[in-house]
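Novice: Here you go, this is structure_17.cif (mmCIF, C-alpha atoms).
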data_final
#
loop_
_atom_site.label_atom_id
_atom_site.label_comp_id
_atom_site.auth_asym_id
_atom_site.auth_seq_id
_atom_site.Cartn_x
_atom_site.Cartn_y
_atom_site.Cartn_z
CA MET A 1 -49.75 -1.83 55.65
CA PRO A 2 -48.12 0.49 53.08
CA GLU A 3 -50.41 2.72 51.04
CA LYS A 4 -50.99 1.51 47.45
CA ILE A 5 -49.77 3.87 44.76
CA ILE A 6 -51.25 4.13 41.25
CA ALA A 7 -50.75 6.29 38.17
CA CYS A 8 -53.63 8.05 36.42
CA PRO A 9 -54.38 6.32 33.08
CA LYS A 10 -55.13 9.72 31.54
CA CYS A 11 -52.43 12.10 32.75
CA GLY A 12 -49.99 9.69 34.38
CA TYR A 13 -49.97 11.46 37.74
CA VAL A 14 -48.68 9.18 40.54
CA GLN A 15 -50.89 9.25 43.62
CA PRO A 16 -52.45 7.10 46.38
CA GLU A 17 -55.11 4.71 45.20
CA GLY A 18 -58.58 6.31 44.93
CA SER A 19 -61.64 6.67 42.74
CA GLU A 20 -60.59 9.80 40.86
CA CYS A 21 -57.38 11.55 39.82
CA LEU A 22 -56.18 14.23 42.19
CA ARG A 23 -54.81 16.26 39.27
CA CYS A 24 -57.18 15.95 36.26
CA ARG A 25 -60.23 14.85 38.35
CA VAL A 26 -61.08 12.05 35.92
CA ILE A 27 -63.09 9.22 37.49
CA PHE A 28 -61.16 5.99 36.99
CA ALA A 29 -64.29 3.84 36.62
CA ARG A 30 -65.42 5.89 33.60
CA ILE A 31 -62.27 5.03 31.62
CA PRO A 32 -63.06 1.61 30.14
CA HIS A 33 -60.51 -1.12 29.37
CA GLN A 34 -57.50 0.81 30.65
CA LYS A 35 -55.27 -0.27 33.43
CA PRO A 36 -53.68 2.35 35.59
CA HIS A 37 -50.15 3.07 34.58
CA PRO A 38 -47.56 1.69 36.96
CA PRO A 39 -45.71 4.33 38.89
CA ALA A 40 -42.89 5.89 36.97
CA GLN A 41 -39.59 4.50 38.10
CA THR A 42 -36.24 6.12 37.76
CA LEU A 43 -33.56 3.68 36.71
CA PRO A 44 -30.42 3.88 38.73
CA ASP A 45 -27.51 5.51 36.97
CA LYS A 46 -25.11 3.05 35.41
CA PRO A 47 -21.63 3.38 36.74
CA LYS A 48 -19.47 5.20 34.23
CA LYS A 49 -16.60 3.19 32.88
CA LYS A 50 -13.24 4.65 33.51
CA THR A 51 -12.11 4.57 29.88
CA GLY A 52 -10.46 7.99 29.65
CA PHE A 53 -6.98 6.75 30.57
CA PHE A 54 -7.02 3.78 28.17
CA ARG A 55 -8.47 5.90 25.36
CA ALA A 56 -5.71 8.44 25.85
CA MET A 57 -3.13 5.65 25.81
CA ARG A 58 -4.50 4.28 22.52
CA ILE A 59 -4.43 7.72 20.93
CA ALA A 60 -0.90 8.32 22.19
CA PHE A 61 0.26 4.96 20.80
CA LEU A 62 -1.33 5.72 17.42
CA LEU A 63 0.34 9.13 17.33
CA LEU A 64 3.69 7.56 18.16
CA VAL A 65 3.28 5.00 15.36
CA LEU A 66 2.34 7.71 12.86
CA ALA A 67 5.25 9.86 14.03
CA GLY A 68 7.61 6.91 13.62
CA LEU A 69 6.31 6.21 10.12
CA GLY A 70 6.61 9.88 9.21
CA PHE A 71 10.19 10.07 10.48
CA ASN A 72 11.17 6.89 8.62
CA ILE A 73 9.65 8.23 5.38
CA TRP A 74 11.52 11.51 5.80
CA LEU A 75 14.74 9.62 6.50
CA VAL A 76 14.44 7.43 3.40
CA LYS A 77 13.58 10.49 1.31
CA TRP A 78 16.72 12.21 2.57
CA ARG A 79 18.81 9.13 1.78
CA VAL A 80 17.36 8.96 -1.74
CA ALA A 81 18.23 12.61 -2.28
CA ALA A 82 21.76 12.16 -0.92
CA TRP A 83 22.63 8.67 -2.24
CA ASP A 84 25.40 8.52 0.33
CA ARG A 85 24.74 4.89 1.17
CA PRO A 86 22.84 1.97 -0.41
CA LEU A 87 19.11 1.71 0.15
CA TRP A 88 18.06 -1.57 1.72
CA VAL A 89 15.25 -3.26 -0.19
CA VAL A 90 13.43 -6.22 1.35
CA ILE A 91 11.61 -8.41 -1.16
CA TYR A 92 8.70 -10.38 0.25
CA PRO A 93 7.63 -13.18 -2.15
CA ILE A 94 3.93 -13.93 -1.87
CA CYS A 95 1.72 -16.69 -3.30
CA GLY A 96 -0.73 -14.81 -5.47
CA ASP A 97 -2.81 -17.95 -6.05
CA ALA A 98 -3.42 -21.33 -4.44
CA ASN A 99 -1.36 -23.30 -6.95
CA PRO A 100 1.17 -25.63 -5.26
CA GLU A 101 3.58 -25.04 -8.17
CA THR A 102 3.58 -21.32 -7.37
CA ARG A 103 4.47 -22.06 -3.76
CA ALA A 104 7.21 -24.46 -4.84
CA TYR A 105 8.66 -21.85 -7.22
CA ILE A 106 8.77 -19.23 -4.45
CA ASP A 107 10.47 -21.67 -2.10
CA SER A 108 13.15 -22.25 -4.73
CA LEU A 109 14.03 -18.54 -4.97
CA THR A 110 17.42 -17.38 -3.68
CA PRO A 111 19.07 -13.95 -3.42
CA GLU A 112 21.01 -14.79 -6.59
CA ASP A 113 17.77 -14.64 -8.58
CA PHE A 114 17.66 -10.89 -7.91
CA LYS A 115 21.36 -10.24 -8.48
CA PRO A 116 20.68 -8.90 -12.02
CA VAL A 117 18.72 -6.04 -10.41
CA THR A 118 21.59 -4.94 -8.18
CA ASN A 119 24.08 -5.44 -11.04
CA PHE A 120 21.96 -3.23 -13.32
CA PHE A 121 21.84 -0.40 -10.81
CA SER A 122 25.56 -0.71 -10.07
CA ALA A 123 26.43 -0.45 -13.79
CA GLU A 124 24.14 2.53 -14.30
CA ALA A 125 25.44 4.24 -11.15
CA GLU A 126 28.99 3.93 -12.48
CA ARG A 127 27.89 5.37 -15.82
CA TYR A 128 26.51 8.42 -14.03
CA SER A 129 29.54 8.65 -11.70
CA LEU A 130 27.48 8.10 -8.56
CA LYS A 131 29.61 8.16 -5.43
CA ILE A 132 28.35 4.76 -4.21
CA LYS A 133 28.88 1.53 -6.14
CA GLU A 134 25.67 -0.24 -5.13
CA PRO A 135 22.61 2.03 -4.92
CA PHE A 136 20.38 -0.84 -3.73
CA ASN A 137 20.99 -3.82 -1.45
CA ILE A 138 18.34 -6.53 -1.81
CA VAL A 139 17.33 -8.90 0.98
CA LEU A 140 15.01 -11.84 0.30
CA ALA A 141 12.47 -12.46 3.08
CA PRO A 142 10.67 -15.76 3.75
CA ARG A 143 7.58 -16.61 1.70
CA LEU A 144 4.29 -14.99 2.71
CA ASP A 145 0.91 -16.61 2.22
CA GLU A 146 -1.06 -13.45 2.99
CA VAL A 147 -1.75 -10.93 0.24
CA PRO A 148 -1.70 -7.15 0.81
CA PRO A 149 -4.90 -5.06 0.83
CA GLN A 150 -6.15 -4.63 -2.72
CA ILE A 151 -6.14 -1.22 -4.35
CA PRO A 152 -9.73 0.01 -4.96
CA ASP A 153 -11.18 -0.89 -8.37
CA GLN A 154 -12.85 2.51 -8.64
CA PRO A 155 -10.61 4.76 -6.54
CA THR A 156 -11.86 7.91 -4.88
CA PRO A 157 -9.80 10.28 -2.70
CA LEU A 158 -11.36 8.82 0.46
CA SER A 159 -11.02 5.17 -0.60
CA MET A 160 -7.36 5.73 -1.55
CA ILE A 161 -6.63 7.29 1.84
CA VAL A 162 -8.26 4.34 3.62
CA TRP A 163 -6.42 1.86 1.39
CA SER A 164 -3.04 3.53 1.95
CA LEU A 165 -3.52 3.41 5.73
CA LYS A 166 -4.51 -0.26 5.53
CA LEU A 167 -1.47 -1.04 3.36
CA ARG A 168 0.91 0.79 5.72
CA PHE A 169 -0.46 -1.04 8.75
CA TRP A 170 -0.42 -4.38 6.93
CA ALA A 171 3.19 -3.86 5.80
CA TRP A 172 4.22 -2.89 9.33
CA ARG A 173 2.46 -5.90 10.86
CA ILE A 174 3.69 -8.43 8.29
CA ASP A 175 7.37 -7.51 8.58
CA THR A 176 9.37 -10.75 9.00
CA ALA A 177 12.69 -9.70 7.50
CA GLN A 178 15.95 -9.79 9.40
CA ALA A 179 17.49 -6.88 7.48
CA PRO A 180 19.80 -4.54 9.45
CA VAL A 181 17.97 -1.59 7.85
CA GLN A 182 14.75 -1.61 5.87
CA ASP A 183 14.26 1.40 3.62
CA ILE A 184 11.92 -0.11 1.01
CA GLN A 185 9.42 -2.96 1.25
CA LEU A 186 8.68 -4.68 -2.06
CA PHE A 187 5.92 -7.29 -2.01
CA VAL A 188 6.20 -9.53 -5.09
CA LEU A 189 3.05 -11.55 -5.82
CA TYR A 190 3.79 -14.59 -7.96
CA PHE A 191 1.09 -16.18 -10.11
CA ASP A 192 0.85 -19.44 -11.99
CA LYS A 193 2.67 -19.39 -15.34
CA SER A 194 -0.56 -20.33 -17.16
CA ARG A 195 -2.02 -16.87 -16.57
CA THR A 196 -1.86 -14.86 -19.76
CA ILE A 197 -1.58 -11.50 -17.98
CA VAL A 198 -1.17 -10.22 -14.45
CA ASP A 199 -2.37 -6.93 -12.97
CA HIS A 200 -0.22 -3.83 -13.16
CA SER A 201 2.29 -3.32 -10.40
CA TYR A 202 2.08 -0.20 -8.26
CA VAL A 203 3.92 1.67 -5.51
CA MET A 204 3.09 3.98 -2.64
CA GLN A 205 6.03 6.35 -2.79
CA LYS A 206 5.23 8.23 0.42
CA GLY A 207 5.34 4.95 2.31
CA TYR A 208 8.20 3.41 0.28
CA ILE A 209 6.09 0.31 -0.33
CA GLY A 210 5.74 -1.43 -3.69
CA VAL A 211 3.57 -4.28 -4.95
CA VAL A 212 4.86 -6.20 -7.99
CA ASN A 213 2.84 -8.81 -9.88
CA ALA A 214 5.07 -11.47 -11.43
CA TYR A 215 5.05 -14.94 -12.97
CA ALA A 216 6.11 -18.09 -11.12
CA GLU A 217 8.20 -19.33 -14.04
CA PRO A 218 12.03 -19.55 -14.22
CA LYS A 219 12.18 -18.32 -17.82
CA MET A 220 10.18 -15.23 -16.78
CA GLY A 221 12.72 -14.31 -14.11
CA ASN A 222 14.50 -11.74 -16.31
CA LYS A 223 11.26 -9.94 -17.14
CA ASN A 224 10.18 -10.06 -13.50
CA ASN A 225 13.45 -8.32 -12.63
CA ILE A 226 12.74 -5.58 -15.19
CA VAL A 227 9.45 -4.85 -13.42
CA ILE A 228 11.16 -4.88 -10.02
CA ALA A 229 13.81 -2.39 -11.20
CA HIS A 230 11.11 -0.22 -12.78
CA GLU A 231 9.09 -0.07 -9.54
CA LEU A 232 12.19 0.62 -7.43
CA LEU A 233 12.89 3.66 -9.60
CA HIS A 234 9.30 4.81 -9.07
CA LEU A 235 9.94 4.66 -5.32
CA ALA A 236 13.11 6.69 -5.85
CA GLY A 237 11.10 9.41 -7.63
CA ALA A 238 11.13 8.42 -11.32
CA THR A 239 8.06 8.78 -13.54
CA ASP A 240 6.83 6.65 -16.43
CA LYS A 241 8.19 7.52 -19.89
CA TYR A 242 5.50 5.87 -22.00
CA ASN A 243 2.13 6.93 -23.36
CA PRO A 244 -0.57 5.24 -21.23
CA THR A 245 -3.01 5.08 -24.15
CA ASN A 246 -0.81 2.92 -26.40
CA GLU A 247 2.13 2.12 -24.06
CA LEU A 248 4.64 3.39 -26.65
CA PRO A 249 7.76 5.15 -25.35
CA VAL A 250 7.49 8.94 -25.34
CA TYR A 251 10.09 10.76 -27.42
CA PRO A 252 12.69 11.87 -26.44
CA GLU A 253 12.82 10.90 -22.72
CA GLY A 254 11.41 7.43 -23.32
CA TYR A 255 14.17 6.58 -25.81
CA ALA A 256 17.49 5.07 -24.78
CA ASP A 257 19.23 6.92 -27.65
CA PRO A 258 17.05 9.79 -28.87
CA GLU A 259 19.94 11.17 -30.98
CA ALA A 260 20.41 7.99 -33.03
CA ARG A 261 20.28 8.33 -36.81
CA PRO A 262 18.35 6.57 -38.08
CA LEU A 263 16.13 6.80 -35.03
CA TYR A 264 14.62 3.35 -35.57
CA PRO A 265 15.03 0.68 -34.56
CA GLN A 266 16.42 1.43 -31.12
CA SER A 267 18.57 -1.31 -29.60
CA LEU A 268 17.82 -0.65 -25.93
CA ALA A 269 14.87 0.35 -23.75
CA GLU A 270 14.74 3.26 -21.35
CA ILE A 271 13.83 1.47 -18.11
CA MET A 272 10.90 3.78 -17.27
CA ALA A 273 9.52 3.47 -20.82
CA GLY A 274 9.55 -0.31 -20.50
CA SER A 275 9.96 -1.21 -24.17
CA ILE A 276 12.30 -0.80 -27.15
CA PRO A 277 10.96 1.44 -29.97
CA VAL A 278 11.42 -0.36 -33.30
CA SER A 279 9.28 2.09 -35.28
CA ALA A 280 7.09 5.10 -34.68
CA THR A 281 4.12 2.81 -34.02
CA LYS A 282 5.68 -0.34 -32.57
CA SER A 283 7.86 -1.34 -29.64
CA GLU A 284 9.15 -4.61 -28.19
CA MET A 285 9.73 -5.79 -24.65
CA PRO A 286 13.39 -6.14 -23.64
CA GLY A 287 14.52 -9.66 -22.82
CA SER A 288 16.43 -8.68 -19.69
CA LEU A 289 17.88 -5.73 -17.80
CA ASP A 290 20.95 -5.99 -20.05
CA GLU A 291 18.75 -4.42 -22.75
CA THR A 292 17.69 -1.43 -20.63
CA VAL A 293 19.28 1.83 -19.47
CA ILE A 294 18.45 4.71 -17.16
CA GLY A 295 18.00 7.72 -19.40
CA PRO A 296 19.03 11.28 -18.49
CA GLY A 297 15.45 12.29 -17.68
CA THR A 298 15.07 9.48 -15.17
CA ALA A 299 18.56 10.14 -13.77
CA ARG A 300 17.58 13.75 -13.05
CA GLU A 301 14.37 12.66 -11.31
CA ILE A 302 16.22 10.32 -8.95
CA ASN A 303 19.00 12.84 -8.30
CA TRP A 304 21.71 11.00 -10.22
CA LEU A 305 22.18 13.81 -12.72
CA HIS A 306 22.08 17.46 -11.82
CA VAL A 307 21.02 20.24 -14.14
CA GLU A 308 23.91 22.65 -14.65
#
Reformat the file's structure so that it appears as structure tokens.
Specialist:
Amino acid sequence: MPEKIIACPKCGYVQPEGSECLRCRVIFARIPHQKPHPPAQTLPDKPKKKTGFFRAMRIAFLLLVLAGLGFNIWLVKWRVAAWDRPLWVVIYPICGDANPETRAYIDSLTPEDFKPVTNFFSAEAERYSLKIKEPFNIVLAPRLDEVPPQIPDQPTPLSMIVWSLKLRFWAWRIDTAQAPVQDIQLFVLYFDKSRTIVDHSYVMQKGYIGVVNAYAEPKMGNKNNIVIAHELLHLAGATDKYNPTNELPVYPEGYADPEARPLYPQSLAEIMAGSIPVSATKSEMPGSLDETVIGPGTAREINWLHVE
């Protein structure tokens, strides 16, 4: 019969069963209401999972994706600087709300609805003697019912980095366009016409991704196209030409004709200023891209006009 093994209730020493501890010499009977500790057992080692190879593969895949994104960004940046061929812009229309009328409006969109944007850039390119006739080619993708990751309400450097990575991954995953080349992704969120105001549009220039908030209303199509052209110029390197505190165009770069006498009212809007100055304290929204121009300051920023 195998010898019974116990553990001392005082010091824990494992030993053959007896009346006193062989180590601390305590008499077991004098320790009331305590059961001897069971012998200490050593759990068998768990087999280690062979995850090193798969972890390395995941890291390698991530590095390849990031390298591919970095190369594509560099390539688009080089093309913007050179303007030796048109930039391909894919517009993804998205339902910004659950209204069936919004969805029906998006489904009625055709490439012709965005022709004023390409016509505007072609006319301005000719005015600045650009060597290509059409700076942008626009492709209309099928409707999306998934919205992009929202920009943080109270942005911090860390939250913006996380958001930009989420947006890049989302844009890469959501790609459904059949464009031969895709230089710029523009996600246009359409909202019901009853909304009095939509959120500001924004772009991520380093990723050549833009998010435009627009109205699902045919009569708002011209103004939607103004916003689209404005955001495309941001992606090409242009900056805003209006005062963010009062949204009035900044003189002189925010004026279509800063040399006009009298200065007011102006008849056109500088596209990056977004409105037509009618006095020193008032401006009006243009009705269409026909009432906007690319000013010299913007042309220099997008490499259409070189400083002598």
Novice: As lines of an AutoDock Vina configuration file, please: the centre and edge lengths in Å, to one decimal, of an axis-aligned box enclosing every listed atom of segment 20-24 of chain A with 8 Å added on each side.
Specialist:
center_x = -57.7
center_y = 13.0
center_z = 39.2
size_x = 21.8
size_y = 22.5
size_z = 21.9
Novice: Quick one: everything within 7 Å of segment 205-220 of chain A, counting only C-alpha atoms, minus sequence neighbours fewer than 2 positions away in the same chain. Send it as a PDB file with C-alpha atoms, in the frame of the given file.
Specialist:
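What follows is the written file part_34.pdb:
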ATOM      1  CA  ILE A  73       9.650   8.230   5.380  1.00  0.00           C
ATOM      2  CA  THR A 102       3.580 -21.320  -7.370  1.00  0.00           C
ATOM      3  CA  TYR A 105       8.660 -21.850  -7.220  1.00  0.00           C
ATOM      4  CA  ARG A 168       0.910   0.790   5.720  1.00  0.00           C
ATOM      5  CA  ILE A 184      11.920  -0.110   1.010  1.00  0.00           C
ATOM      6  CA  GLN A 185       9.420  -2.960   1.250  1.00  0.00           C
ATOM      7  CA  LEU A 186       8.680  -4.680  -2.060  1.00  0.00           C
ATOM      8  CA  PHE A 187       5.920  -7.290  -2.010  1.00  0.00           C
ATOM      9  CA  VAL A 188       6.200  -9.530  -5.090  1.00  0.00           C
ATOM     10  CA  LEU A 189       3.050 -11.550  -5.820  1.00  0.00           C
ATOM     11  CA  TYR A 190       3.790 -14.590  -7.960  1.00  0.00           C
ATOM     12  CA  PHE A 191       1.090 -16.180 -10.110  1.00  0.00           C
ATOM     13  CA  ASP A 192       0.850 -19.440 -11.990  1.00  0.00           C
ATOM     14  CA  LYS A 193       2.670 -19.390 -15.340  1.00  0.00           C
ATOM     15  CA  VAL A 198      -1.170 -10.220 -14.450  1.00  0.00           C
ATOM     16  CA  ASP A 199      -2.370  -6.930 -12.970  1.00  0.00           C
ATOM     17  CA  HIS A 200      -0.220  -3.830 -13.160  1.00  0.00           C
ATOM     18  CA  SER A 201       2.290  -3.320 -10.400  1.00  0.00           C
ATOM     19  CA  TYR A 202       2.080  -0.200  -8.260  1.00  0.00           C
ATOM     20  CA  VAL A 203       3.920   1.670  -5.510  1.00  0.00           C
ATOM     21  CA  ASN A 222      14.500 -11.740 -16.310  1.00  0.00           C
ATOM     22  CA  LYS A 223      11.260  -9.940 -17.140  1.00  0.00           C
ATOM     23  CA  ASN A 224      10.180 -10.060 -13.500  1.00  0.00           C
ATOM     24  CA  ILE A 228      11.160  -4.880 -10.020  1.00  0.00           C
ATOM     25  CA  GLU A 231       9.090  -0.070  -9.540  1.00  0.00           C
ATOM     26  CA  LEU A 235       9.940   4.660  -5.320  1.00  0.00           C
TER      27      LEU A 235
END
Novice: Quick check, in Å to one decimal: how far apart do atom CA of Ala273 of chain A and atom CA of Tyr242 of chain A lie?
Specialist: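 Straight-line distance from atom CA of Ala273 of chain A to atom CA of Tyr242 of chain A works out to 4.8 Å.
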Novice: Evaluate the PyMOL selection byres ((chain A and resi 20) around 12) here and jot the selected residues down as a ChimeraX atom specification.
Specialist: /A:6-11,13-19,21-31,36
Novice: As a VMD selection string, please: the residues near Arg127 of chain A (cut-off 12 Å, all atoms listed in the file, same-chain neighbours under 4 positions excluded).
Specialist: chain A and resid 120 to 123 131 to 133 293 to 296 299 304 to 305
Novice: Evaluate the PyMOL selection byres ((chain A and resi 111-113) around 8) against this structure - the residues, as a PDB file with C-alpha atoms, in the coordinates of the input, please.
Specialist:
ATOM      1  CA  LEU A 109      14.030 -18.540  -4.970  1.00  0.00           C
ATOM      2  CA  THR A 110      17.420 -17.380  -3.680  1.00  0.00           C
ATOM      3  CA  PHE A 114      17.660 -10.890  -7.910  1.00  0.00           C
ATOM      4  CA  LYS A 115      21.360 -10.240  -8.480  1.00  0.00           C
ATOM      5  CA  PRO A 116      20.680  -8.900 -12.020  1.00  0.00           C
ATOM      6  CA  ILE A 138      18.340  -6.530  -1.810  1.00  0.00           C
ATOM      7  CA  VAL A 139      17.330  -8.900   0.980  1.00  0.00           C
ATOM      8  CA  LEU A 140      15.010 -11.840   0.300  1.00  0.00           C
ATOM      9  CA  GLY A 221      12.720 -14.310 -14.110  1.00  0.00           C
TER      10      GLY A 221
END
Novice: Enter the distance from atom CA of Gly254 of chain A to atom CA of Glu124 of chain A, in Å, rounded to one decimal.
Specialist: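 Straight-line distance from atom CA of Gly254 of chain A to atom CA of Glu124 of chain A works out to 16.4 Å.
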Novice: For the file shown, what are the residues hit by the PyMOL selection byres ((chain A and resi 241) around 12), laid out as a ChimeraX atom specification?
Specialist: /A:230,233-234,238-240,242-244,247-256,269-276,294-298,301
Novice: Take atom CA of Gly96 of chain A and atom CA of Gln182 of chain A and report the distance between them in Å, one decimal.
Specialist: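 Atom CA of Gln182 of chain A lies at a distance of 23.3 Å from atom CA of Gly96 of chain A.
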Novice: Of the candidates A:Ala229, A:Leu165, A:Leu130, A:Ile151, which shows the shortest atom-to-atom distance to Ile91 of chain A, using all atoms listed in the file?
Specialist: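 Nearest candidate to Ile91 of chain A out of A:Ala229, A:Leu165, A:Leu130, A:Ile151: A:Ala229.
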Novice: For Ser129 of chain A, which of A:Pro86, A:His306, A:Ala98, A:Val117 is the closest residue, counting all atoms listed in the file?
Specialist: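 Closest candidate: A:His306.
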Novice: Using all atoms listed in the file, which of the listed residues (A:Asp107, A:Arg300, A:Pro258, A:Asn246) sits closest to Ser283 of chain A?
Specialist: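 Among A:Asp107, A:Arg300, A:Pro258, A:Asn246, it is A:Asn246 that comes nearest to Ser283 of chain A.
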Novice: Using all atoms listed in the file for the distances, tell me which of A:Asp153, A:Glu284, A:Glu101, A:Glu134 is nearest to Ser194 of chain A.
Specialist: A:Glu101
